[in-house]
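Worksheet: the structure to be examined is printed underneath.
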Amino acid sequence: MSSSKPATPWSLAALTVVVVFAIYLATLAPTTAFWDTSEYIAAAKVLGIPHPPGNPLFVIMAHAWGLLPLAADYAVRINLFAAFTGAAAAGLWFLVAERWMRELVPVRWARLAAAFAGVLVSATSWTVWNQSTVNEKVYTVSVLSIALVTWLAVHWGDDEPGPHRDRWVILIAYIIALSSTNHMMGVLAAPAVAIYILRTDWQVVTRPWVIGGVVLAVLVGISINYLFLPIRAAQFPPINEGEPVGFFSQALRDVLNRVQYAKPSVIDRQADLYSQFGNYWQYFSWQFARDWGQFRGIFAGVFAALGLVGLWELLRRDRRAGLAAAAMLGTLTIALIYYLNFKYGFSMHPERDLPREVRERDYFFIASFAYFGVLVAVGLGATMRGLANLLAARLDEPLRWRAAAPVLLIAAIPLLANRTTASRANEYLARDVAIDMLESVEPYGILITAGDNDTFPLWYAQEVLGVRRDVTLANLSLMNTRWHLRQLRRRETPEFEPKKAAKLWQPGPAEPQLHLGDTARAAAGATAPPRRPEGSVFGLTEGQLDSLPEAIGVRQNSGVQLDSLIIAFGNDYLTLQDIASIGLIRDNLGKRPIYFSWSDGNYPDQTLGLSAYLLTTGLVRKLMPAPIKEGGGIVFSNSLGFVDVPTTRKLLWETYRWQTAARARPRGWVDVPSASILQLYLIIYREAGQILGSQGLADEGARADSVAAAVMDNIARGERN
């Protein structure tokens with residue numbers, strides 16, 4: 001290796017950060033989004049604990065970042081956190097790429113240009129770009145830590161031997177350990193760093209003071225898991241998933257070990273290995289030209305070849321860098337694919353009935369896509385060198401390098417070919433559906449939801465925006481956990497704020513106060529001001545909730561009668577979520593309005609036999625205390641069951657932000673797995689159009705039909721892409 005030490009291009013690395021950040025800023029999400037975005041933004045706001053493993057480092061960093069006056073909207077501030085960490089990682093990858101090319105590209109400007117071009121490719125790769133414009137996950141922090149650790153290892157290798165240099169090893173160990181408290185992805189840089197250290201000065205790992213320092217650094221780094229989580233959990237923040245109270249508790253171990261997800265051993269493959277690697281290639285093929293349809297595969301092949309050429313050249317010309325680069329690539333692809341052991345991809349083999357992931361999992365490989373730009377940079381540098389050598393007989397050295405420079409223009413392809421679908425700009429649907437759903441519920445109501453996409457945005461709306469905090473949210477999937485049941489019982493219902501609520505729930509100045517809180521009396525036509533119900537939504541104690549069985553056997557079609565309401569069991573067993581749902585109905589009927597979200601599908605019909613008692617009001621269904629009859633504004637629909645037409649009309653046209661669902665998107669709704677939430681608007685407005693038309697409201701019916709058609713167009717075009 002050369003003993004020369006060109007100056008580190010700090011200013012150009014900073015410029016790289018600025019350029020990449022500007023791209024992310026121009027395509028930044030203006031609010032929350034689906035999947036885990038709302039959960040993490042809300043957790044940052046309330047200093048809470050998101051789903052296992054709890055991600056304490058992210059929560060602390062994002063909470064501190066969210067205090068900065070960077071934007072009026074809190075979600076934008078946290079989205080800027082994702083953009084900044086993603087851009088900062090790009091700057092560090094630029095430094096790594098420039099350093100690794102010093103043995104390959106002797107011309108400094110060409111080396112710097114190739115490093116920037118390669119990093120631009122990875123920064124605008126579809127998954128990296130898409131995840132850096134909204135805080136959907138914690139992975140931009142992990143990518144930043146991987147890039148930082150890699151750069152520190154490179155910097156350590158160039159430092160003069162001695163105690164001063166050895167301190168970098170301790171810092172590297174600390175950052176890796178600390179990053180693991182954000183997500184275990186952060187430790188994936190360790191094999192590459194180990195090779196870099198062993199190829200530079202393996203004796204560093206035998207020095208007692210270094211060994212002692214590394215052990216101490218690791219303990220300090222991981223201590224956040226064992227301090228923040230149990231301490232904060234014991235303060236019962238609004239978001240407290242897993243409730244890991246106790247420094248040595250089983251709950252803490254379960255959160256850190258992700259027991260909730262019951263992942264099988266890597267030996268027990270959830271899909272055949274060939275398909276798991278094929279799924280990775282599918283995601284890789286999205287990275288460089290996702291907007292360009294049939295050309296995706298071509299450009300994926302081009303950039304894959306450039307990256308592999310770069311790796312080969314590193315192995316030839318700088319064995320230490322080449323081995324470290326190969327270790328990094330292998331860890332972030334082959335090893336990670338094998339370890340994650342995913343089911344078949346959401347969109348793989350659509351013609352076959354297979355156990356699939358509930359959504360596309362490309363974000364798990366974001367580090368490989370971000371790092372691959374370093375190899376692309378080296379590949380571009382090698383290509384420039386090859387072209388310059390071909391022109392050696394015709395041009396002087398400066399001219400032949402300039403003549404080779406146009407090859408770098410290929411780096412603009414991902415920027416141009418991903419700019420439509422990677423962008424999150426102008427997308428408000430997750431926020432608006434959350435507000436619409438909450439405003440569909442009477443004051444002090446209980447809303448039973450199904451999963452992440454119909455619950456996390458509601459958490460965000462309540463905890464960040466302060467929308468309808470009087471509504472109690474019970475999640476079916478989480479009601480299979482004891483901690484969610486305990487938190488429902490423990491929750492104190494905030495006061496309903498009429499002035500902040502939808503017009504539907506605000507009595508007019510000359511109108512009597514609408515009765516909103518008592519389902520039974522409301523059905524009888526009583527009118528009274530809404531009053532906050534006393535006590536918990538569960539009549540059982542926490543100990544009794546903890547002792548509920550995981551499942552019990554019952555006779556199918558048998559049931560239980562609660563006054564005039566009969567719950568009929570649709571299966572020959574009840575799970576914990578079913579038992580809890582029945583408990584909520586029993587303990588709140590006549591005390592609090594009870595609603596099922598339409599995102600629950602037919603759960604209350606098939607599992608609990610409640611069809612005759614469910615009254616559709618927009619996106620939700622209200623549980624009535626007696627069988628419903630048509631008349632007085634109530635009609636029966638084959639799709640929606642009984643429908644409260646007057647209330648639904650007010651929701652559709654006076655409350656809901658249907659324009660967000662119906663707006664034309666350039667390539668439709670790209671995230672097909674979350675289209676089920678968008679589809680709720682399609683179903684509700686389409687059926688409302690038929691009902692309104694049948695009641696002589698032709699114009700209004702046609703308007704509802706046009707909304708449904710626009711939503712359908714978004715879904716259909718997204719599926720084609």
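Chain labels follow the order of the structure tokens: the first chain is A, the next B, and so on; residue numbering restarts at 1 in every chain, and ligands are counted from 1 in their shown order.
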Nearby residues (only C-alpha atoms) at most 6 Å from stretch 371-374 of chain A, same-chain spacing under 5 positions excluded, as a list of chain:residue names: A:Ala97, A:Gly118, A:Val119, A:Val121, A:Ser122
Give me the residues of stretch 617-637 of chain A that have any atom at most 8 Å from an atom of stretch 561-579 of chain A; for each, the nearest atom pair and the distance in Å, rounded to one decimal. Use only C-alpha atoms, sort by chain and number, and format it as JSON lines.
```
{"residue": "A:Pro625", "atom": "CA", "partner": "A:Leu565", "partner_atom": "CA", "distance": 5.6}
{"residue": "A:Ala626", "atom": "CA", "partner": "A:Ser564", "partner_atom": "CA", "distance": 5.4}
{"residue": "A:Pro627", "atom": "CA", "partner": "A:Leu565", "partner_atom": "CA", "distance": 7.3}
```
From the set A:Arg532, A:Arg621, A:Arg482, A:Arg657, which residue has the shortest atom-to-atom contact distance to A:Ala580, counting only C-alpha atoms? A:Arg482
Using only C-alpha atoms, which protein or nucleic acid residues come within 9 Å of A:Glu136? Drop anything in the same chain fewer than 6 positions from it, and give the result as an MDAnalysis selection string. chainID A and resid 32:41 79 82
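For stretch 636-638 of chain A, the non-local neighbours within 12 Å, defined as residues at least 2 positions apart in the same chain or in other chains and counting only C-alpha atoms, are Ser611, Ala612, Leu614, Leu615, Thr616, Ile628, Lys629, Glu630, Gly631, Gly632, Gly633, Ile634, Leu640, Gly641, Phe642, Val643, Asp644, Val645, Ile683, Ile684, Arg686, Glu687, Ala688, Gly689, Gln690, Ile691, Leu692 and Ser694 of chain A.
Around A:Thr8, within 12 Å and counting only C-alpha atoms, the residues found are Ser4, Lys5, Ser11, Leu12, Ala13, Ala14, Leu92, Phe94, Leu95, Val96, Ala97, Glu98, Arg99, Trp100, Arg102, Arg108, Leu112, Trp151, Val154, His155 and Asp158 of chain A, once anything fewer than 3 positions away on its own chain is removed.
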